[in-house]
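*Asks:* Supplied structure: run.csv, CSV, N, CA and C atoms.
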chain,number,residue,atom,x,y,z
A,1,MET,N,70.1,299.1,307.9
A,1,MET,CA,69.6,298.5,306.7
A,1,MET,C,68.1,298.3,306.9
A,2,ASN,N,67.3,298.7,305.9
A,2,ASN,CA,65.9,298.5,305.9
A,2,ASN,C,65.5,297.1,305.4
A,3,THR,N,64.6,296.4,306.1
A,3,THR,CA,64.2,295.1,305.7
A,3,THR,C,63.1,295.3,304.7
A,4,PRO,N,63.2,294.7,303.5
A,4,PRO,CA,62.1,294.8,302.5
A,4,PRO,C,60.8,294.3,303.1
A,5,THR,N,59.7,294.9,302.7
A,5,THR,CA,58.4,294.5,303.1
A,5,THR,C,57.5,294.4,301.8
A,6,MET,N,56.3,293.8,302.0
A,6,MET,CA,55.3,293.8,300.9
A,6,MET,C,53.9,294.0,301.6
A,7,THR,N,53.0,294.5,300.7
A,7,THR,CA,51.6,294.7,301.2
A,7,THR,C,50.7,293.7,300.4
A,8,VAL,N,49.8,293.0,301.1
A,8,VAL,CA,49.0,292.0,300.5
A,8,VAL,C,47.5,292.3,300.9
A,9,THR,N,46.6,292.1,300.0
A,9,THR,CA,45.2,292.2,300.3
A,9,THR,C,44.6,290.8,300.5
A,10,LEU,N,44.0,290.6,301.7
A,10,LEU,CA,43.5,289.2,301.9
A,10,LEU,C,42.0,289.3,302.4
A,11,THR,N,41.3,288.3,302.1
A,11,THR,CA,39.9,288.2,302.6
A,11,THR,C,40.0,287.6,304.0
A,12,GLU,N,38.8,287.6,304.7
A,12,GLU,CA,38.8,287.0,306.0
A,12,GLU,C,39.1,285.5,305.9
A,13,ALA,N,38.6,284.8,304.9
A,13,ALA,CA,38.9,283.4,304.8
A,13,ALA,C,40.4,283.2,304.5
A,14,ASP,N,41.0,284.0,303.7
A,14,ASP,CA,42.5,283.9,303.4
A,14,ASP,C,43.2,284.0,304.8
A,15,SER,N,42.8,285.0,305.5
A,15,SER,CA,43.5,285.3,306.8
A,15,SER,C,43.3,284.1,307.8
A,16,ARG,N,42.1,283.5,307.8
A,16,ARG,CA,41.9,282.4,308.7
A,16,ARG,C,42.8,281.2,308.3
A,17,PHE,N,42.9,280.9,307.0
A,17,PHE,CA,43.7,279.8,306.5
A,17,PHE,C,45.2,280.1,306.9
A,18,ILE,N,45.6,281.3,306.7
A,18,ILE,CA,47.0,281.6,307.1
A,18,ILE,C,47.3,281.4,308.6
A,19,LEU,N,46.4,282.0,309.4
A,19,LEU,CA,46.5,281.8,310.8
A,19,LEU,C,46.5,280.4,311.3
A,20,GLU,N,45.6,279.6,310.7
A,20,GLU,CA,45.6,278.2,311.1
A,20,GLU,C,46.9,277.4,310.6
A,21,ALA,N,47.3,277.8,309.4
A,21,ALA,CA,48.6,277.1,308.9
A,21,ALA,C,49.8,277.5,309.8
A,22,LEU,N,49.8,278.8,310.2
A,22,LEU,CA,50.9,279.2,311.1
A,22,LEU,C,50.9,278.5,312.4
A,23,GLN,N,49.7,278.4,313.0
A,23,GLN,CA,49.5,277.7,314.3
A,23,GLN,C,49.9,276.2,314.1
A,24,ASP,N,49.5,275.5,313.1
A,24,ASP,CA,49.8,274.1,312.9
A,24,ASP,C,51.3,274.0,312.7
A,25,MET,N,52.0,274.8,311.9
A,25,MET,CA,53.4,274.7,311.7
A,25,MET,C,54.1,275.0,313.0
A,26,TYR,N,53.7,275.9,313.8
A,26,TYR,CA,54.3,276.2,315.1
A,26,TYR,C,54.3,274.9,316.0
A,27,ALA,N,53.1,274.3,316.0
A,27,ALA,CA,52.9,273.1,316.8
A,27,ALA,C,53.9,272.0,316.3
A,28,ARG,N,54.0,271.8,315.0
A,28,ARG,CA,54.9,270.8,314.5
A,28,ARG,C,56.3,271.0,314.8
A,29,TRP,N,56.7,272.3,314.7
A,29,TRP,CA,58.1,272.7,315.0
A,29,TRP,C,58.4,272.5,316.5
A,30,MET,N,57.5,272.8,317.3
A,30,MET,CA,57.7,272.6,318.7
A,30,MET,C,57.8,271.2,319.1
A,31,GLU,N,57.0,270.3,318.4
A,31,GLU,CA,57.0,268.9,318.7
A,31,GLU,C,58.4,268.4,318.3
A,32,ILE,N,59.0,268.8,317.1
A,32,ILE,CA,60.3,268.4,316.7
A,32,ILE,C,61.3,268.9,317.8
A,33,ASN,N,61.2,270.1,318.2
A,33,ASN,CA,62.1,270.6,319.2
A,33,ASN,C,62.0,269.8,320.5
A,34,ARG,N,60.8,269.3,320.9
A,34,ARG,CA,60.7,268.6,322.2
A,34,ARG,C,61.2,267.1,322.0
A,35,THR,N,61.0,266.6,320.8
A,35,THR,CA,61.3,265.1,320.7
A,35,THR,C,62.6,264.7,320.0
A,36,SER,N,63.2,265.7,319.4
A,36,SER,CA,64.5,265.4,318.7
A,36,SER,C,65.6,265.0,319.6
A,37,THR,N,66.4,264.1,319.2
A,37,THR,CA,67.6,263.7,320.0
A,37,THR,C,68.8,264.5,319.5
A,38,ASP,N,68.7,265.2,318.4
A,38,ASP,CA,69.8,266.0,317.8
A,38,ASP,C,69.7,267.4,318.4
A,39,GLU,N,70.7,267.8,319.1
A,39,GLU,CA,70.8,269.1,319.8
A,39,GLU,C,70.7,270.2,318.8
A,40,ASP,N,71.4,270.1,317.6
A,40,ASP,CA,71.4,271.1,316.6
A,40,ASP,C,70.0,271.3,316.0
A,41,GLU,N,69.3,270.2,315.8
A,41,GLU,CA,67.9,270.2,315.3
A,41,GLU,C,67.0,270.8,316.3
A,42,GLN,N,67.2,270.5,317.6
A,42,GLN,CA,66.3,271.0,318.6
A,42,GLN,C,66.5,272.6,318.6
A,43,ALA,N,67.7,273.0,318.6
A,43,ALA,CA,68.0,274.5,318.7
A,43,ALA,C,67.4,275.2,317.4
A,44,GLU,N,67.6,274.6,316.3
A,44,GLU,CA,67.2,275.2,315.0
A,44,GLU,C,65.6,275.4,315.0
A,45,TYR,N,64.9,274.2,315.3
A,45,TYR,CA,63.5,274.3,315.3
A,45,TYR,C,62.9,275.2,316.4
A,46,GLY,N,63.6,275.2,317.6
A,46,GLY,CA,63.2,276.0,318.7
A,46,GLY,C,63.3,277.5,318.3
A,47,MET,N,64.4,277.9,317.8
A,47,MET,CA,64.6,279.3,317.4
A,47,MET,C,63.6,279.7,316.3
A,48,ASP,N,63.5,278.8,315.3
A,48,ASP,CA,62.5,279.1,314.2
A,48,ASP,C,61.1,279.2,314.7
A,49,ALA,N,60.8,278.4,315.7
A,49,ALA,CA,59.4,278.4,316.2
A,49,ALA,C,59.1,279.7,316.9
A,50,VAL,N,60.1,280.2,317.6
A,50,VAL,CA,60.0,281.5,318.3
A,50,VAL,C,59.7,282.6,317.3
A,51,VAL,N,60.5,282.7,316.2
A,51,VAL,CA,60.3,283.7,315.2
A,51,VAL,C,58.9,283.5,314.5
A,52,LEU,N,58.6,282.3,314.2
A,52,LEU,CA,57.3,282.0,313.6
A,52,LEU,C,56.2,282.4,314.5
A,53,ASN,N,56.3,282.2,315.7
A,53,ASN,CA,55.2,282.6,316.7
A,53,ASN,C,55.1,284.1,316.7
A,54,MET,N,56.2,284.8,316.7
A,54,MET,CA,56.1,286.3,316.6
A,54,MET,C,55.4,286.8,315.4
A,55,THR,N,55.7,286.1,314.3
A,55,THR,CA,55.1,286.5,313.0
A,55,THR,C,53.6,286.2,313.1
A,56,ARG,N,53.2,285.0,313.6
A,56,ARG,CA,51.8,284.7,313.8
A,56,ARG,C,51.1,285.7,314.7
A,57,GLU,N,51.7,286.1,315.8
A,57,GLU,CA,51.0,287.0,316.7
A,57,GLU,C,50.8,288.4,316.0
A,58,ALA,N,51.8,288.8,315.2
A,58,ALA,CA,51.6,290.1,314.5
A,58,ALA,C,50.5,290.0,313.4
A,59,PHE,N,50.5,288.9,312.7
A,59,PHE,CA,49.5,288.7,311.6
A,59,PHE,C,48.1,288.6,312.3
A,60,GLU,N,48.0,287.8,313.4
A,60,GLU,CA,46.8,287.7,314.1
A,60,GLU,C,46.2,289.1,314.6
A,61,HIS,N,47.1,289.9,315.1
A,61,HIS,CA,46.7,291.2,315.5
A,61,HIS,C,46.1,292.0,314.4
A,62,CYS,N,46.7,292.0,313.2
A,62,CYS,CA,46.2,292.7,312.0
A,62,CYS,C,44.9,292.1,311.6
A,63,ALA,N,44.8,290.8,311.6
A,63,ALA,CA,43.6,290.1,311.1
A,63,ALA,C,42.4,290.4,312.1
A,64,VAL,N,42.7,290.4,313.4
A,64,VAL,CA,41.6,290.7,314.3
A,64,VAL,C,41.1,292.1,314.2
A,65,ASP,N,42.1,293.0,314.0
A,65,ASP,CA,41.7,294.4,313.7
A,65,ASP,C,40.8,294.6,312.5
A,66,ALA,N,41.1,293.8,311.5
A,66,ALA,CA,40.4,293.9,310.2
A,66,ALA,C,39.0,293.1,310.2
A,67,PHE,N,39.0,292.0,310.8
A,67,PHE,CA,37.8,291.1,310.7
A,67,PHE,C,37.2,290.7,312.0
A,68,GLY,N,37.8,291.0,313.1
A,68,GLY,CA,37.2,290.7,314.4
A,68,GLY,C,37.7,289.3,314.9
A,69,GLU,N,37.4,289.0,316.2
A,69,GLU,CA,37.9,287.8,316.9
A,69,GLU,C,37.5,286.5,316.1
A,70,GLY,N,36.4,286.5,315.4
A,70,GLY,CA,36.0,285.3,314.7
A,70,GLY,C,37.0,284.8,313.7
A,71,VAL,N,38.0,285.6,313.3
A,71,VAL,CA,39.0,285.2,312.3
A,71,VAL,C,39.9,284.1,312.9
A,72,LYS,N,39.9,284.0,314.3
A,72,LYS,CA,40.7,283.0,315.0
A,72,LYS,C,39.9,281.7,315.2
A,73,ASN,N,38.7,281.6,314.7
A,73,ASN,CA,37.9,280.4,314.8
A,73,ASN,C,38.2,279.5,313.7
A,74,PHE,N,38.8,278.3,313.9
A,74,PHE,CA,39.2,277.4,312.9
A,74,PHE,C,38.3,276.1,312.9
A,75,SER,N,37.2,276.3,313.6
A,75,SER,CA,36.2,275.1,313.8
A,75,SER,C,35.7,274.6,312.4
A,76,ARG,N,35.6,273.3,312.3
A,76,ARG,CA,35.0,272.7,311.1
A,76,ARG,C,33.6,272.2,311.4
A,77,GLU,N,33.0,272.7,312.5
A,77,GLU,CA,31.7,272.3,312.8
A,77,GLU,C,30.7,272.9,311.8
A,78,PRO,N,29.7,272.1,311.4
A,78,PRO,CA,28.7,272.6,310.4
A,78,PRO,C,27.9,273.8,311.0
A,79,ILE,N,27.6,274.7,310.2
A,79,ILE,CA,26.8,275.9,310.6
A,79,ILE,C,25.4,275.4,311.0
A,80,VAL,N,24.8,274.5,310.3
A,80,VAL,CA,23.5,273.9,310.6
A,80,VAL,C,23.8,272.6,311.4
A,81,SER,N,23.3,272.5,312.6
A,81,SER,CA,23.6,271.3,313.4
A,81,SER,C,22.6,270.2,313.2
A,82,ASP,N,21.5,270.4,312.6
A,82,ASP,CA,20.5,269.4,312.4
A,82,ASP,C,20.0,269.4,310.9
A,83,GLN,N,20.2,268.3,310.3
A,83,GLN,CA,19.8,268.2,308.9
A,83,GLN,C,18.3,268.6,308.6
A,84,ASN,N,17.5,268.4,309.6
A,84,ASN,CA,16.1,268.8,309.5
A,84,ASN,C,15.9,270.3,309.3
A,85,ASP,N,16.9,271.0,309.8
A,85,ASP,CA,16.8,272.5,309.6
A,85,ASP,C,16.9,272.9,308.2
A,86,LEU,N,17.4,272.0,307.3
A,86,LEU,CA,17.5,272.4,305.9
A,86,LEU,C,16.2,272.2,305.1
A,87,ARG,N,15.2,271.6,305.7
A,87,ARG,CA,13.9,271.4,305.0
A,87,ARG,C,13.0,272.6,305.1
Output the structure of this file as structure tokens.
*Replies:*
Amino acid sequence: MNTPTMTVTLTEADSRFILEALQDMYARWMEINRTSTDEDEQAEYGMDAVVLNMTREAFEHCAVDAFGEGVKNFSREPIVSDQNDLR
């Protein structure tokens, strides 16, 4: 049986947001997996985290191919480090 797929056109910024969201979600799910006292919840979040991470890795590979390694930079540091540079 073939799995349905879709094609989406994304900008570099779109791709960066998606990668960051996937990374954050993975971290949250792994934290639940590590801290839950419910074995079923641990198993569910652990398995979902593994699949999510595989999805993130595949998306990251495509994003890096399209936009370069910078697409993985989620820094919120200002581009101009000194306000005097704006004058």
*Asks:* Applying 7 Å and all atoms listed in the file, which residues near region 22-32 of chain A remain after dropping the ones on its own chain fewer than 4 positions away? List them as a PyMOL selection string.
*Replies:* chain A and resi 17-18+36+41-42+45-46+49+52-53+56
*Asks:* Could you give me the residues within region 45-84 of chain A that DSSP places in alpha helix (DSSP H), as number ranges by chain?
*Replies:* A: 45-67
*Asks:* Just the number, please: distance in Å from CA of Ala63 (chain A) to CA of Thr11 (chain A), one decimal.
*Replies:*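 These two atoms are separated by 9.5 Å.
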*Asks:* Any idea what the distance is between CA of Asn33 (chain A) and CA of Pro4 (chain A)?
*Replies:*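 Here the two named atoms are 29.4 Å from each other.
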*Asks:* Can you tell me which residues surround Asn73 (chain A) at a distance of at most 8 Å, considering all atoms listed in the file, apart from same-chain residues fewer than 3 positions away, and format the answer as number ranges by chain?
*Replies:* A: 16, 20, 68-70, 76
*Asks:* Record the distance separating CA of Glu12 (chain A) and CA of Lys72 (chain A), expressed in Å with one decimal.
*Replies:*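 Going from CA of Glu12 (chain A) over to CA of Lys72 (chain A), I get 10.0 Å.
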*Asks:* Could you pull chain A out of the structure I just pasted and write it to a file containing C-alpha atoms, as a PDB file, in the first residue's frame?
*Replies:*
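result.pdb, freshly written:
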ATOM      1  CA  MET A   1       0.000   0.000   0.000  1.00  0.00           C
ATOM      2  CA  ASN A   2       1.367   3.410  -0.973  1.00  0.00           C
ATOM      3  CA  THR A   3       1.480   6.105   1.661  1.00  0.00           C
ATOM      4  CA  PRO A   4      -0.089   9.362   0.469  1.00  0.00           C
ATOM      5  CA  THR A   5       2.336  12.282   0.165  1.00  0.00           C
ATOM      6  CA  MET A   6       2.145  15.982  -0.597  1.00  0.00           C
ATOM      7  CA  THR A   7       4.478  18.578  -2.047  1.00  0.00           C
ATOM      8  CA  VAL A   8       4.842  21.982  -0.392  1.00  0.00           C
ATOM      9  CA  THR A   9       6.824  25.053  -1.438  1.00  0.00           C
ATOM     10  CA  LEU A  10       8.506  26.746   1.525  1.00  0.00           C
ATOM     11  CA  THR A  11      10.808  29.724   1.959  1.00  0.00           C
ATOM     12  CA  GLU A  12      13.991  29.537   4.003  1.00  0.00           C
ATOM     13  CA  ALA A  13      12.214  31.284   6.899  1.00  0.00           C
ATOM     14  CA  ASP A  14       9.304  28.808   6.707  1.00  0.00           C
ATOM     15  CA  SER A  15      11.758  25.918   6.814  1.00  0.00           C
ATOM     16  CA  ARG A  16      13.630  27.409   9.769  1.00  0.00           C
ATOM     17  CA  PHE A  17      10.394  27.810  11.748  1.00  0.00           C
ATOM     18  CA  ILE A  18       9.366  24.237  11.024  1.00  0.00           C
ATOM     19  CA  LEU A  19      12.773  22.844  11.982  1.00  0.00           C
ATOM     20  CA  GLU A  20      12.797  24.807  15.226  1.00  0.00           C
ATOM     21  CA  ALA A  21       9.251  23.701  16.062  1.00  0.00           C
ATOM     22  CA  LEU A  22      10.118  20.060  15.378  1.00  0.00           C
ATOM     23  CA  GLN A  23      13.213  20.348  17.574  1.00  0.00           C
ATOM     24  CA  ASP A  24      11.216  21.941  20.416  1.00  0.00           C
ATOM     25  CA  MET A  25       8.438  19.366  20.181  1.00  0.00           C
ATOM     26  CA  TYR A  26      10.980  16.529  20.239  1.00  0.00           C
ATOM     27  CA  ALA A  27      12.571  17.988  23.381  1.00  0.00           C
ATOM     28  CA  ARG A  28       9.161  18.295  25.099  1.00  0.00           C
ATOM     29  CA  TRP A  29       8.169  14.739  24.207  1.00  0.00           C
ATOM     30  CA  MET A  30      11.492  13.358  25.425  1.00  0.00           C
ATOM     31  CA  GLU A  31      11.085  15.273  28.689  1.00  0.00           C
ATOM     32  CA  ILE A  32       7.647  13.672  29.167  1.00  0.00           C
ATOM     33  CA  ASN A  33       9.171  10.288  28.323  1.00  0.00           C
ATOM     34  CA  ARG A  34      11.916  10.798  30.935  1.00  0.00           C
ATOM     35  CA  THR A  35       9.769  12.216  33.736  1.00  0.00           C
ATOM     36  CA  SER A  36       6.400  10.458  33.461  1.00  0.00           C
ATOM     37  CA  THR A  37       5.516   7.867  36.051  1.00  0.00           C
ATOM     38  CA  ASP A  38       2.947   6.315  33.694  1.00  0.00           C
ATOM     39  CA  GLU A  39       4.593   3.505  31.712  1.00  0.00           C
ATOM     40  CA  ASP A  40       2.048   3.750  28.891  1.00  0.00           C
ATOM     41  CA  GLU A  41       2.651   7.494  28.567  1.00  0.00           C
ATOM     42  CA  GLN A  42       6.415   6.944  28.621  1.00  0.00           C
ATOM     43  CA  ALA A  43       6.179   4.370  25.848  1.00  0.00           C
ATOM     44  CA  GLU A  44       3.803   6.441  23.724  1.00  0.00           C
ATOM     45  CA  TYR A  45       5.844   9.648  23.909  1.00  0.00           C
ATOM     46  CA  GLY A  46       9.094   7.743  23.439  1.00  0.00           C
ATOM     47  CA  MET A  47       7.907   6.023  20.265  1.00  0.00           C
ATOM     48  CA  ASP A  48       6.339   9.203  18.904  1.00  0.00           C
ATOM     49  CA  ALA A  49       9.567  11.090  19.625  1.00  0.00           C
ATOM     50  CA  VAL A  50      11.567   8.553  17.615  1.00  0.00           C
ATOM     51  CA  VAL A  51       9.246   8.943  14.600  1.00  0.00           C
ATOM     52  CA  LEU A  52       9.197  12.737  14.994  1.00  0.00           C
ATOM     53  CA  ASN A  53      12.987  12.836  15.062  1.00  0.00           C
ATOM     54  CA  MET A  54      13.173  10.776  11.866  1.00  0.00           C
ATOM     55  CA  THR A  55      10.765  13.246  10.241  1.00  0.00           C
ATOM     56  CA  ARG A  56      12.862  16.188  11.484  1.00  0.00           C
ATOM     57  CA  GLU A  57      16.063  14.642  10.143  1.00  0.00           C
ATOM     58  CA  ALA A  58      14.514  14.067   6.702  1.00  0.00           C
ATOM     59  CA  PHE A  59      13.100  17.605   6.597  1.00  0.00           C
ATOM     60  CA  GLU A  60      16.413  19.058   7.781  1.00  0.00           C
ATOM     61  CA  HIS A  61      18.276  17.217   5.035  1.00  0.00           C
ATOM     62  CA  CYS A  62      15.967  18.692   2.373  1.00  0.00           C
ATOM     63  CA  ALA A  63      16.133  22.167   3.932  1.00  0.00           C
ATOM     64  CA  VAL A  64      19.944  22.131   4.075  1.00  0.00           C
ATOM     65  CA  ASP A  65      20.096  20.977   0.449  1.00  0.00           C
ATOM     66  CA  ALA A  66      17.839  23.857  -0.563  1.00  0.00           C
ATOM     67  CA  PHE A  67      19.088  26.682   1.681  1.00  0.00           C
ATOM     68  CA  GLY A  68      22.422  25.665   3.207  1.00  0.00           C
ATOM     69  CA  GLU A  69      23.502  24.986   6.785  1.00  0.00           C
ATOM     70  CA  GLY A  70      22.261  28.404   7.946  1.00  0.00           C
ATOM     71  CA  VAL A  71      18.688  27.107   7.878  1.00  0.00           C
ATOM     72  CA  LYS A  72      19.542  25.271  11.123  1.00  0.00           C
ATOM     73  CA  ASN A  73      20.448  28.536  12.908  1.00  0.00           C
ATOM     74  CA  PHE A  74      17.616  29.451  15.277  1.00  0.00           C
ATOM     75  CA  SER A  75      19.515  32.255  17.009  1.00  0.00           C
ATOM     76  CA  ARG A  76      17.552  35.314  18.078  1.00  0.00           C
ATOM     77  CA  GLU A  77      20.704  37.412  18.316  1.00  0.00           C
ATOM     78  CA  PRO A  78      20.374  40.781  16.593  1.00  0.00           C
ATOM     79  CA  ILE A  79      22.187  41.150  13.302  1.00  0.00           C
ATOM     80  CA  VAL A  80      23.614  44.507  14.439  1.00  0.00           C
ATOM     81  CA  SER A  81      25.376  44.056  17.766  1.00  0.00           C
ATOM     82  CA  ASP A  82      25.886  47.758  18.546  1.00  0.00           C
ATOM     83  CA  GLN A  83      23.120  50.347  18.279  1.00  0.00           C
ATOM     84  CA  ASN A  84      25.785  52.901  17.233  1.00  0.00           C
ATOM     85  CA  ASP A  85      26.184  50.912  14.016  1.00  0.00           C
ATOM     86  CA  LEU A  86      22.700  52.067  12.992  1.00  0.00           C
ATOM     87  CA  ARG A  87      23.723  55.758  12.837  1.00  0.00           C
TER      88      ARG A  87
END
